[in-house]
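Coordinates from my_file_28.tsv are shown below (TSV, N, CA and C atoms).
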```
chain	number	residue	atom	x	y	z
H	137	MET	N	69.52	113.87	116.30
H	137	MET	CA	70.31	114.27	115.17
H	137	MET	C	71.72	114.59	115.65
H	138	LYS	N	72.71	114.10	114.94
H	138	LYS	CA	74.10	114.35	115.28
H	138	LYS	C	74.51	115.73	114.77
H	139	ARG	N	75.09	116.51	115.63
H	139	ARG	CA	75.58	117.83	115.25
H	139	ARG	C	77.03	117.69	114.80
H	140	ILE	N	77.33	118.22	113.65
H	140	ILE	CA	78.69	118.17	113.13
H	140	ILE	C	79.35	119.50	113.43
H	141	THR	N	80.40	119.46	114.26
H	141	THR	CA	81.08	120.68	114.66
H	141	THR	C	82.29	120.97	113.79
H	142	ASP	N	82.80	119.98	113.13
H	142	ASP	CA	83.97	120.13	112.27
H	142	ASP	C	83.57	119.66	110.87
H	143	GLN	N	83.68	120.52	109.88
H	143	GLN	CA	83.26	120.16	108.53
H	143	GLN	C	84.00	118.95	108.00
H	144	SER	N	85.22	118.72	108.46
H	144	SER	CA	86.00	117.59	107.95
H	144	SER	C	85.42	116.26	108.41
H	145	ASP	N	84.55	116.26	109.45
H	145	ASP	CA	83.92	115.02	109.88
H	145	ASP	C	83.02	114.44	108.80
H	146	ALA	N	82.41	115.31	107.99
H	146	ALA	CA	81.46	114.86	106.98
H	146	ALA	C	82.02	114.96	105.57
H	147	ALA	N	83.17	115.57	105.40
H	147	ALA	CA	83.70	115.86	104.07
H	147	ALA	C	84.42	114.67	103.47
H	148	GLU	N	84.36	114.62	102.16
H	148	GLU	CA	85.16	113.65	101.42
H	148	GLU	C	86.60	114.16	101.36
H	149	PRO	N	87.56	113.26	101.30
H	149	PRO	CA	88.95	113.70	101.19
H	149	PRO	C	89.17	114.52	99.92
H	150	ILE	N	90.02	115.53	100.01
H	150	ILE	CA	90.36	116.28	98.81
H	150	ILE	C	91.47	115.57	98.04
H	151	ILE	N	92.24	114.75	98.75
H	151	ILE	CA	93.26	113.89	98.13
H	151	ILE	C	93.17	112.54	98.82
H	152	ARG	N	93.14	111.49	98.02
H	152	ARG	CA	93.09	110.13	98.57
H	152	ARG	C	94.12	109.28	97.84
H	153	LEU	N	95.03	108.69	98.60
H	153	LEU	CA	95.98	107.72	98.05
H	153	LEU	C	95.58	106.35	98.59
H	154	VAL	N	95.47	105.38	97.70
H	154	VAL	CA	95.06	104.04	98.11
H	154	VAL	C	96.05	103.02	97.57
H	155	ASN	N	96.70	102.31	98.48
H	155	ASN	CA	97.58	101.19	98.14
H	155	ASN	C	98.65	101.58	97.11
H	156	VAL	N	99.37	102.67	97.39
H	156	VAL	CA	100.41	103.17	96.48
H	156	VAL	C	101.72	102.42	96.70
H	157	HIS	N	102.30	101.96	95.61
H	157	HIS	CA	103.59	101.26	95.65
H	157	HIS	C	104.55	101.98	94.71
H	158	LYS	N	105.81	102.09	95.12
H	158	LYS	CA	106.84	102.68	94.25
H	158	LYS	C	108.17	102.03	94.55
H	159	HIS	N	108.84	101.62	93.48
H	159	HIS	CA	110.18	101.03	93.57
H	159	HIS	C	111.10	101.82	92.66
H	160	PHE	N	112.34	101.95	93.06
H	160	PHE	CA	113.40	102.46	92.21
H	160	PHE	C	114.41	101.33	92.08
H	161	GLY	N	114.33	100.60	90.99
H	161	GLY	CA	115.14	99.40	90.86
H	161	GLY	C	114.70	98.38	91.91
H	162	ARG	N	115.62	97.92	92.71
H	162	ARG	CA	115.31	96.95	93.77
H	162	ARG	C	114.92	97.63	95.08
H	163	LEU	N	115.05	98.96	95.14
H	163	LEU	CA	114.74	99.70	96.36
H	163	LEU	C	113.24	99.99	96.44
H	164	ARG	N	112.59	99.42	97.45
H	164	ARG	CA	111.17	99.65	97.68
H	164	ARG	C	111.02	100.91	98.52
H	165	VAL	N	110.36	101.93	97.97
H	165	VAL	CA	110.22	103.21	98.65
H	165	VAL	C	108.84	103.32	99.30
H	166	LEU	N	107.80	103.02	98.56
H	166	LEU	CA	106.44	103.01	99.10
H	166	LEU	C	105.86	101.62	98.92
H	167	SER	N	105.24	101.12	99.95
H	167	SER	CA	104.69	99.76	99.89
H	167	SER	C	103.30	99.75	100.51
H	168	GLY	N	102.30	99.95	99.68
H	168	GLY	CA	100.92	99.89	100.15
H	168	GLY	C	100.47	101.12	100.93
H	169	LEU	N	100.98	102.29	100.58
H	169	LEU	CA	100.62	103.52	101.28
H	169	LEU	C	99.18	103.90	100.98
H	170	SER	N	98.39	104.14	102.02
H	170	SER	CA	97.03	104.65	101.90
H	170	SER	C	96.85	105.79	102.89
H	171	VAL	N	96.35	106.93	102.40
H	171	VAL	CA	96.16	108.10	103.26
H	171	VAL	C	95.09	108.99	102.66
H	172	ASN	N	94.31	109.64	103.52
H	172	ASN	CA	93.31	110.63	103.10
H	172	ASN	C	93.71	111.99	103.64
H	173	PHE	N	93.60	113.00	102.80
H	173	PHE	CA	93.81	114.38	103.21
H	173	PHE	C	92.46	115.07	103.18
H	174	LEU	N	91.99	115.49	104.36
H	174	LEU	CA	90.65	116.06	104.49
H	174	LEU	C	90.68	117.57	104.41
H	175	PRO	N	89.62	118.18	103.84
H	175	PRO	CA	89.57	119.64	103.78
H	175	PRO	C	89.50	120.25	105.17
H	176	GLY	N	90.20	121.35	105.35
H	176	GLY	CA	90.17	122.05	106.63
H	176	GLY	C	91.06	121.44	107.69
H	177	ARG	N	91.80	120.41	107.35
H	177	ARG	CA	92.68	119.75	108.31
H	177	ARG	C	94.13	119.94	107.89
H	178	THR	N	95.01	120.03	108.86
H	178	THR	CA	96.45	120.08	108.60
H	178	THR	C	97.02	118.69	108.83
H	179	THR	N	97.75	118.19	107.87
H	179	THR	CA	98.35	116.86	107.98
H	179	THR	C	99.86	117.01	107.91
H	180	VAL	N	100.55	116.38	108.83
H	180	VAL	CA	102.01	116.41	108.88
H	180	VAL	C	102.53	115.07	108.39
H	181	VAL	N	103.48	115.11	107.48
H	181	VAL	CA	104.16	113.90	107.00
H	181	VAL	C	105.54	113.92	107.63
H	182	LEU	N	105.77	112.97	108.52
H	182	LEU	CA	106.97	112.97	109.34
H	182	LEU	C	107.63	111.61	109.27
H	183	GLY	N	108.94	111.59	109.11
H	183	GLY	CA	109.66	110.33	109.10
H	183	GLY	C	111.13	110.56	108.84
H	184	PRO	N	111.93	109.51	109.00
H	184	PRO	CA	113.37	109.64	108.81
H	184	PRO	C	113.73	109.80	107.33
H	185	SER	N	114.94	110.19	107.09
H	185	SER	CA	115.45	110.34	105.73
H	185	SER	C	115.31	109.03	104.97
H	186	GLY	N	114.80	109.13	103.75
H	186	GLY	CA	114.71	107.96	102.89
H	186	GLY	C	113.48	107.11	103.07
H	187	CYS	N	112.49	107.57	103.85
H	187	CYS	CA	111.32	106.73	104.10
H	187	CYS	C	110.20	106.93	103.07
H	188	GLY	N	110.34	107.89	102.14
H	188	GLY	CA	109.36	108.05	101.07
H	188	GLY	C	108.48	109.29	101.15
H	189	LYS	N	108.80	110.22	102.04
H	189	LYS	CA	107.98	111.44	102.18
H	189	LYS	C	107.92	112.22	100.87
H	190	SER	N	109.07	112.50	100.30
H	190	SER	CA	109.12	113.27	99.05
H	190	SER	C	108.52	112.50	97.89
H	191	VAL	N	108.71	111.21	97.85
H	191	VAL	CA	108.14	110.38	96.79
H	191	VAL	C	106.61	110.44	96.86
H	192	MET	N	106.04	110.39	98.06
H	192	MET	CA	104.60	110.51	98.21
H	192	MET	C	104.11	111.86	97.68
H	193	LEU	N	104.79	112.94	98.06
H	193	LEU	CA	104.39	114.27	97.60
H	193	LEU	C	104.52	114.40	96.08
H	194	LYS	N	105.54	113.80	95.50
H	194	LYS	CA	105.71	113.84	94.04
H	194	LYS	C	104.59	113.09	93.33
H	195	HIS	N	104.10	112.01	93.93
H	195	HIS	CA	102.94	111.31	93.38
H	195	HIS	C	101.71	112.20	93.41
H	196	ILE	N	101.52	112.92	94.51
H	196	ILE	CA	100.34	113.78	94.65
H	196	ILE	C	100.33	114.87	93.59
H	197	VAL	N	101.47	115.50	93.34
H	197	VAL	CA	101.51	116.61	92.37
H	197	VAL	C	101.74	116.13	90.93
H	198	GLY	N	101.89	114.83	90.74
H	198	GLY	CA	101.99	114.28	89.39
H	198	GLY	C	103.37	114.24	88.79
H	199	LEU	N	104.40	114.33	89.59
H	199	LEU	CA	105.77	114.26	89.07
H	199	LEU	C	106.26	112.83	88.91
H	200	LEU	N	105.60	111.88	89.55
H	200	LEU	CA	105.96	110.46	89.40
H	200	LEU	C	104.75	109.68	88.94
```

Exercise: express the given structure as structure tokens:
Amino acid sequence: MKRITDQSDAAEPIIRLVNVHKHFGRLRVLSGLSVNFLPGRTTVVLGPSGCGKSVMLKHIVGLL
């Protein structure tokens, strides 16, 4: 029997984004973004200015 030491190993994601696309006019901001946020885990979203970090977060909270 496999022992699970971290609950996130067996948990379903609390937030799941699958193949998210977002454009503002001709500007492509998100192109096929897929990510899982697991319970009990810390996830860092890191990238240069203009790469879509805030747009992703706005999708998660329902502002876009």

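Across the model, the gap from CA of His157 in chain H to CA of Ser170 in chain H is 9.7 Å.
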
So the first atom is CA of Val154 in chain H and the second is CA of Ser185 in chain H; what is the distance between them in Å, to one decimal place? 22.7 Å

Which of these residues is nearest to Leu163 in chain H, using only C-alpha atoms: H:Cys187, H:His195, H:Leu200, H:Val181?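 Nearest to Leu163 in chain H: H:Cys187.
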
List the spatial neighbours of Gly168 in chain H as a ChimeraX atom specification - criterion: any atom at most 12 Å away, only C-alpha atoms, same-chain residues fewer than 4 positions off excluded. /H:153-159,164,188,192

Edge lengths and centre in Å to one decimal, as AutoDock Vina command-line options, is what I'm after for the box along x, y and z that holds all listed atoms of range 169-179 of chain H once 3 Å is added on each side.
```
--center_x 95.2 --center_y 112.2 --center_z 104.7 --size_x 17.5 --size_y 25.8 --size_z 14.3
```

Please return as an MDAnalysis selection string: the residues of chain H that backbone DSSP assigns to strand (DSSP E or B). chainID H and resid 151:160 163:173

Near Ile151 in chain H, within 6 Å and counting all atoms listed in the file, which residues show up once chain neighbours fewer than 6 positions away are dropped, as a list in words?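 The neighbour list is Val171, Asn172, Phe173 and Leu174 of chain H.
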